[in-house]
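Printed here is model.txt (compact mmCIF, C-alpha atoms and all ligand atoms):
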```txt
# COMPACT_ATOMS: atom_id res chain seq x y z
CA MET A 1 85.55 45.45 92.13
CA SER A 2 86.36 45.02 95.84
CA PHE A 3 85.86 47.86 98.34
CA ASN A 4 89.65 48.25 98.63
CA GLU A 5 90.00 48.61 94.86
CA ILE A 6 87.19 51.19 94.75
CA GLN A 7 88.85 53.15 97.58
CA THR A 8 92.28 53.08 95.89
CA ASP A 9 90.73 54.19 92.59
CA PHE A 10 88.89 57.07 94.32
CA ILE A 11 92.06 58.20 96.12
CA LYS A 12 93.98 58.17 92.81
CA LYS A 13 91.25 60.20 91.07
CA ILE A 14 91.04 62.95 93.67
CA LYS A 15 94.82 62.76 94.14
CA LEU A 16 94.67 62.33 97.92
CA PRO A 17 97.67 60.67 99.58
CA SER A 18 96.89 56.97 100.08
CA ASP A 19 97.98 57.11 103.77
CA PRO A 20 94.94 58.47 105.71
CA GLN A 21 97.00 59.23 108.86
CA TYR A 22 99.47 61.31 106.80
CA PHE A 23 96.56 63.11 105.13
CA TYR A 24 94.95 63.83 108.51
CA ASP A 25 98.23 65.11 110.03
CA GLN A 26 98.88 67.32 107.02
CA SER A 27 95.38 68.85 107.09
CA VAL A 28 95.70 69.64 110.84
CA GLN A 29 99.15 71.22 110.25
CA PHE A 30 97.81 73.12 107.23
CA GLY A 31 95.00 74.58 109.34
CA GLU A 32 97.47 75.65 112.06
CA LEU A 33 99.84 77.20 109.53
CA MET A 34 97.06 79.21 107.87
CA MET A 35 95.92 80.42 111.32
CA MET A 36 99.50 81.62 111.96
CA TYR A 37 99.61 83.49 108.61
CA ASN A 38 96.28 85.11 109.52
CA CYS A 39 97.77 86.30 112.82
CA ALA A 40 100.84 87.64 110.99
CA ILE A 41 98.51 89.66 108.75
CA ARG A 42 96.76 91.08 111.81
CA GLU A 43 100.10 92.00 113.42
CA VAL A 44 101.30 93.85 110.30
CA ARG A 45 97.92 95.54 109.68
CA THR A 46 97.84 96.87 113.25
CA LYS A 47 101.37 98.27 112.91
CA LEU A 48 100.44 99.96 109.63
CA GLU A 49 97.25 101.44 111.07
CA VAL A 50 99.13 102.85 114.06
CA LEU A 51 101.83 104.29 111.75
CA ASN A 52 99.15 105.84 109.57
CA ASP A 53 97.65 107.59 112.58
CA GLU A 54 101.03 108.82 113.77
CA LEU A 55 102.16 110.01 110.33
CA SER A 56 98.80 111.68 109.72
CA ILE A 57 99.34 113.91 112.75
CA ARG A 58 102.94 114.66 111.90
CA ASN A 59 102.28 115.45 108.22
CA SER A 60 98.68 116.74 108.52
CA ARG A 61 97.42 114.12 106.06
CA ASN A 62 97.08 110.35 105.80
CA PRO A 63 99.88 108.51 103.98
CA ILE A 64 97.76 105.34 103.72
CA GLU A 65 94.54 105.41 101.74
CA PHE A 66 93.51 101.82 102.53
CA ILE A 67 94.89 98.37 103.35
CA GLU A 68 93.90 95.01 101.87
CA SER A 69 95.07 91.56 102.83
CA ARG A 70 94.66 87.96 101.77
CA ILE A 71 95.79 84.44 102.49
CA LYS A 72 97.00 82.73 99.31
CA ARG A 73 94.43 80.27 97.98
CA PRO A 74 95.33 76.55 98.37
CA LEU A 75 95.35 76.05 94.58
CA SER A 76 97.77 78.97 94.10
CA ILE A 77 99.94 77.51 96.87
CA VAL A 78 100.06 74.15 95.08
CA ASP A 79 100.79 75.82 91.70
CA LYS A 80 103.66 77.82 93.13
CA LEU A 81 105.22 74.86 94.94
CA LYS A 82 105.08 72.84 91.70
CA ARG A 83 106.61 75.79 89.79
CA TYR A 84 109.48 75.85 92.31
CA GLY A 85 109.90 72.07 91.97
CA GLU A 86 109.08 71.59 95.66
CA PRO A 87 107.03 68.74 97.13
CA VAL A 88 103.43 69.64 97.91
CA ASN A 89 103.27 69.42 101.69
CA VAL A 90 102.97 71.71 104.71
CA GLU A 91 106.72 71.75 105.43
CA SER A 92 107.40 73.05 101.88
CA ILE A 93 104.87 75.85 102.26
CA GLU A 94 106.64 77.17 105.33
CA ARG A 95 110.12 76.62 103.89
CA SER A 96 109.65 77.82 100.31
CA LEU A 97 106.82 80.37 100.13
CA ASN A 98 107.07 83.92 101.44
CA ASP A 99 103.79 85.27 100.16
CA VAL A 100 101.10 83.09 101.76
CA ALA A 101 100.29 86.06 103.99
CA GLY A 102 99.82 89.09 101.74
CA ILE A 103 99.18 92.69 102.74
CA ARG A 104 98.63 95.45 100.20
CA VAL A 105 99.00 99.07 101.24
CA ILE A 106 97.57 101.76 98.99
CA CYS A 107 98.99 105.26 99.34
CA PRO A 108 97.90 108.55 97.79
CA PHE A 109 101.37 109.65 96.57
CA ILE A 110 104.67 108.01 95.52
CA ASP A 111 106.69 109.47 98.42
CA ASP A 112 104.16 108.03 100.90
CA ILE A 113 105.17 104.53 99.73
CA TYR A 114 108.75 105.04 100.90
CA SER A 115 107.73 106.82 104.14
CA VAL A 116 105.41 103.95 105.06
CA ALA A 117 108.07 101.34 104.15
CA ASP A 118 110.79 103.14 106.15
CA MET A 119 108.59 103.54 109.19
CA LEU A 120 107.47 99.91 109.08
CA LEU A 121 111.00 98.57 108.66
CA SER A 122 112.28 100.71 111.52
CA GLN A 123 110.08 98.72 113.93
CA ASP A 124 112.24 96.53 116.21
CA ASP A 125 110.33 93.33 115.54
CA ILE A 126 110.05 93.55 111.75
CA THR A 127 112.94 92.04 109.76
CA LEU A 128 113.37 92.79 106.08
CA ILE A 129 114.12 89.59 104.19
CA LYS A 130 113.87 90.82 100.61
CA LYS A 131 112.95 94.05 98.80
CA LYS A 132 111.84 94.33 95.17
CA ASP A 133 111.42 97.89 93.97
CA TYR A 134 109.24 97.66 90.88
CA ILE A 135 108.88 101.47 91.00
CA GLU A 136 112.59 102.11 90.43
CA ASN A 137 112.67 99.13 88.07
CA PRO A 138 109.18 98.52 86.64
CA LYS A 139 108.42 95.09 85.19
CA PRO A 140 108.57 94.98 81.34
CA ASN A 141 104.74 95.02 81.23
CA GLY A 142 104.68 98.31 83.22
CA TYR A 143 103.82 96.84 86.66
CA ARG A 144 104.91 99.15 89.49
CA SER A 145 104.86 98.50 93.23
CA LEU A 146 107.25 98.21 96.16
CA HIS A 147 107.39 94.61 97.43
CA LEU A 148 108.79 93.78 100.86
CA ILE A 149 109.15 90.29 102.25
CA VAL A 150 109.31 90.62 106.03
CA ALA A 151 109.55 88.27 108.98
CA VAL A 152 107.16 89.12 111.79
CA PRO A 153 106.99 87.43 115.20
CA VAL A 154 103.55 86.02 115.97
CA PRO A 155 102.80 85.47 119.68
CA MET A 156 101.66 81.86 120.12
CA ILE A 157 101.07 79.80 123.27
CA ARG A 158 104.38 77.96 122.73
CA GLY A 159 106.28 81.27 122.23
CA HIS A 160 106.89 83.66 119.37
CA GLN A 161 106.83 82.13 115.89
CA GLU A 162 108.61 84.00 113.05
CA CYS A 163 106.27 84.22 110.10
CA MET A 164 106.87 85.53 106.56
CA ALA A 165 104.59 88.05 104.92
CA GLU A 166 104.64 89.87 101.60
CA ILE A 167 103.79 93.56 101.73
CA GLN A 168 102.99 95.30 98.45
CA ILE A 169 102.97 99.10 98.71
CA ARG A 170 101.69 101.15 95.78
CA THR A 171 99.83 104.33 94.88
CA LEU A 172 96.15 104.49 94.02
CA ALA A 173 97.15 104.92 90.38
CA MET A 174 99.49 101.89 90.41
CA ASP A 175 96.76 99.86 92.10
CA PHE A 176 94.16 100.93 89.56
CA TRP A 177 96.42 99.75 86.70
CA ALA A 178 97.44 96.48 88.45
CA ALA A 179 93.83 95.57 89.28
CA LEU A 180 92.73 96.01 85.66
CA GLU A 181 95.82 94.28 84.26
CA HIS A 182 95.18 91.37 86.66
CA GLN A 183 91.65 91.01 85.24
CA LEU A 184 92.65 91.46 81.61
CA LYS A 185 95.96 89.76 81.19
CA TYR A 186 98.02 88.58 84.22
CA LYS A 187 99.12 84.95 83.68
CA GLN A 188 96.67 84.46 80.81
CA GLN A 189 97.23 83.53 77.19
CA ILE A 190 95.25 85.94 75.01
CA GLY A 191 94.77 86.70 71.33
CA ASP A 192 96.50 89.69 69.69
CA GLU A 193 98.98 89.54 72.55
CA GLU A 194 101.46 92.07 71.11
CA THR A 195 98.98 94.96 70.75
CA ILE A 196 97.38 94.36 74.12
CA VAL A 197 100.72 94.12 75.92
CA ALA A 198 101.89 97.35 74.25
CA GLU A 199 98.63 99.15 75.15
CA LEU A 200 98.81 97.99 78.78
CA LYS A 201 102.41 99.21 78.97
CA ARG A 202 101.38 102.59 77.51
CA CYS A 203 98.58 102.88 80.12
CA ALA A 204 101.06 102.00 82.91
CA ASP A 205 103.48 104.70 81.74
CA GLU A 206 100.67 107.29 81.52
CA THR A 207 99.50 106.31 85.00
CA SER A 208 103.05 106.75 86.26
CA SER A 209 103.27 110.26 84.72
CA THR A 210 100.01 111.13 86.45
CA ASP A 211 101.50 109.98 89.78
CA ILE A 212 104.53 112.25 89.25
CA ASN A 213 102.35 115.21 88.19
CA LEU A 214 100.04 114.80 91.20
CA LEU A 215 103.02 114.73 93.55
CA ALA A 216 104.35 117.96 92.00
CA LEU A 217 100.87 119.48 92.35
CA ARG A 218 100.74 118.52 96.03
CA GLU A 219 104.12 120.17 96.61
CA LEU A 220 102.87 123.32 94.88
CA ILE A 221 99.68 123.42 96.95
CA THR A 222 101.59 122.79 100.21
CA ALA A 223 104.09 125.56 99.39
CA GLY A 224 101.18 127.93 98.61
CA LYS A 225 99.44 127.06 101.90
CA GLU A 226 102.64 127.67 103.88
CA GLU A 227 103.03 131.10 102.28
CA LEU A 228 99.43 132.04 103.12
CA SER A 229 99.29 130.71 106.70
CA PRO A 230 100.21 133.26 109.45
CA ALA A 231 103.44 132.41 111.29
CA GLY A 232 103.01 130.60 114.58
CA SER A 233 99.48 129.30 113.85
CA ASP A 234 98.71 125.80 115.09
CA LYS A 235 98.47 123.90 111.79
CA GLN A 236 97.93 120.48 113.38
CA GLN A 237 94.75 121.19 115.28
CA PRO A 238 92.11 120.46 112.58
CA GLU A 239 93.94 117.25 111.61
CA ILE A 240 93.88 115.93 115.18
CA LYS A 241 90.08 116.07 115.04
CA LYS A 242 90.09 114.01 111.84
CA HIS A 243 92.49 111.44 113.32
CA SER A 244 90.78 108.18 114.21
CA ALA A 245 91.79 104.51 114.26
CA LEU A 246 88.56 103.76 112.43
CA ARG A 247 88.92 106.06 109.41
CA PRO A 248 86.36 104.83 106.87
CA SER A 249 88.96 104.77 104.07
CA LEU A 250 90.99 102.14 105.95
CA LYS A 251 87.93 99.91 106.13
CA ARG A 252 86.93 100.26 102.49
CA ARG A 253 88.20 97.02 101.02
CA HIS A 254 89.61 94.13 102.98
CA GLN A 255 90.63 91.37 100.62
CA TYR A 256 92.46 91.10 97.32
P1 LIG A 301 98.21 86.81 93.40
O1 LIG A 301 97.00 86.45 92.60
O2 LIG A 301 98.30 88.29 93.67
O3 LIG A 301 98.43 85.98 94.63
P2 LIG A 301 109.32 85.19 93.27
O4 LIG A 301 108.88 85.42 94.69
O5 LIG A 301 110.48 86.05 92.85
O6 LIG A 301 109.53 83.74 92.96
P3 LIG A 301 106.74 86.13 92.54
O7 LIG A 301 106.05 85.44 93.66
O8 LIG A 301 106.01 86.18 91.22
O9 LIG A 301 108.18 85.57 92.27
O10 LIG A 301 107.08 87.58 93.11
P4 LIG A 301 106.75 89.02 92.62
O11 LIG A 301 107.30 89.33 91.29
O12 LIG A 301 107.24 89.86 93.76
O13 LIG A 301 105.15 89.07 92.49
C1 LIG A 301 104.32 88.71 93.53
C2 LIG A 301 102.96 89.34 93.43
O14 LIG A 301 103.03 90.65 92.88
C3 LIG A 301 101.98 88.61 92.54
O15 LIG A 301 101.41 87.60 93.30
C4 LIG A 301 100.98 89.71 92.20
O16 LIG A 301 100.11 89.97 93.30
C5 LIG A 301 101.89 90.90 92.05
N1 LIG A 301 102.37 91.04 90.66
C6 LIG A 301 103.60 90.76 90.22
N2 LIG A 301 103.70 91.02 88.91
C7 LIG A 301 102.51 91.48 88.50
C8 LIG A 301 101.99 91.92 87.24
O17 LIG A 301 102.67 91.94 86.22
N3 LIG A 301 100.68 92.32 87.22
C9 LIG A 301 99.88 92.31 88.33
N4 LIG A 301 98.63 92.73 88.20
N5 LIG A 301 100.34 91.87 89.53
C10 LIG A 301 101.63 91.48 89.62
P5 LIG A 301 100.89 86.24 92.64
O18 LIG A 301 101.10 85.17 93.64
O19 LIG A 301 101.53 86.03 91.30
O20 LIG A 301 99.38 86.46 92.38
```
Could you express the structure from this file as structure tokens?
Ligand code: 0O2
Amino acid sequence: MSFNEIQTDFIKKIKLPSDPQYFYDQSVQFGELMMMYNCAIREVRTKLEVLNDELSIRNSRNPIEFIESRIKRPLSIVDKLKRYGEPVNVESIERSLNDVAGIRVICPFIDDIYSVADMLLSQDDITLIKKKDYIENPKPNGYRSLHLIVAVPVPMIRGHQECMAEIQIRTLAMDFWAALEHQLKYKQQIGDEETIVAELKRCADETSSTDINLLALRELITAGKEELSPAGSDKQQPEIKKHSALRPSLKRRHQY
């Protein structure tokens, strides 16, 4: 076998494009695109952290428990492009995928989800592209979360670049269920499918009831506190001391 034949065979096996210049150009562009998605994540994270600080002073508690983020793995990118029937190249990623940059915001209570979303979307430079409310309309398996696809301008040397990001906002309880369901079942073929799917759905519904009960409990406690506190007292003072851009809970987990 000649060297050329060996090279062609190798390229076929590892499924690399046979044109080395095209491959080189694509890998450079891929690196630049991923860097831009990373910057978009940083932009959105900073906005969320600032909002959390501001809302924590206004409401005397933190509406964000913690934030995670991730860049979609190359294999998942390829899978999704193939699923959409799109060619696997850098141009398709930018054109067809909205969730390469992913940010997950975990809130203590259901109403915090909507406060955080409203505050974020009221920012001048954030544009809502698509909203999927899986809390109003849970998925058949019980999955709940608010998904926002947003466009965020990323400051680059050649000017601002609009970049898409997916923001998933959910409660601690919704996150707990989704994390376990992701491990146990999400996109997997398993035995005794019917029973497991039904059990997971039951757990999701119970988790959702707990969310509603905890919100009612918080309202009850807040109403009780307001009744007990003397009129005119400065309720915000102790919370201002707690307020810090480096709250440990915001640093707890970083990637999903
Ligand atoms: P990963 O591993 O998180 O990256 P569409 O945009 O409409 O073509 P898509 O992308 O499936 O369809 O959008 P959707 O429904 O908004 O879901 C996007 C993400 O939400 C998923 O990303 C998951 O992170 C999460 N998700 C959606 N459904 C479920 C579910 O049933 N269980 C769990 N645990 N998570 C879910 P990826 O890219 O699929 O996966």
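Proximity ranking of A:Ile221, A:Met174, A:Leu48, A:Leu214 relative to ligand LIG 301 (chain A) places A:Met174 first, based on all atoms listed in the file.
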I need the residue nearest ligand LIG 301 (chain A) from this list: A:Ser76, A:Asn213, A:Asn38, A:Ser115. Use all atoms listed in the file for the distance.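 Comparing A:Ser76, A:Asn213, A:Asn38, A:Ser115 against ligand LIG 301 (chain A), the winner is A:Ser76.
Among the candidates A:Gly142, A:Pro153, A:Ser56, A:Glu94, the residue lying nearest to A:Val197 is A:Gly142 (atoms considered: only C-alpha atoms).
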Between atom CA of A:Asp175 and atom O6 of ligand LIG 301 (chain A) lies a distance of 20.6 Å
Please identify every polymer residue within 7 Å of ligand LIG 301 (chain A), using only C-alpha atoms and all ligand atoms, and present the set as a PyMOL selection string. chain A and resi 72+99+132+139+141+143+147+178-179+181-182+186
Nearest candidate to A:Ile77 (options A:Leu121, A:Val50, A:Phe30, A:Asp111; using all atoms listed in the file):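 Among A:Leu121, A:Val50, A:Phe30, A:Asp111, it is A:Phe30 that comes nearest to A:Ile77.
Around A:Gln26, within 12 Å and counting only C-alpha atoms, the residues found are Leu16, Pro17, Asp19, Pro20, Gln21, Tyr22, Phe23, Tyr24, Val28, Gln29, Phe30, Gly31, Glu32, Leu33, Val88, Asn89, Val90, Glu91, Ser92 and Ile93 of chain A, once anything fewer than 2 positions away on its own chain is removed.
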Quick one: distance from atom CA of A:Glu49 to atom CA of A:Ala117 in Å, one decimal?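 We find that atom CA of A:Glu49 and atom CA of A:Ala117 lie 12.8 Å from each other.
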For A:Ile129, please output as a list of chain:residue names all residues within 7 Å (counting only C-alpha atoms; exclusion window: fewer than 5 positions along the same chain).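 The residues satisfying every condition are A:Ile149, A:Val150, A:Ala151.
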One decimal, Å: what's the distance from atom CA of A:Glu65 over to atom CA of A:Met35, could you say? 26.8 Å
Just checking: using all atoms listed in the file, which residue out of A:Gln255, A:Asn137, A:Ser69, A:Gln123 ends up closest to A:Ile167?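 Selected residue with least distance to A:Ile167: A:Ser69.
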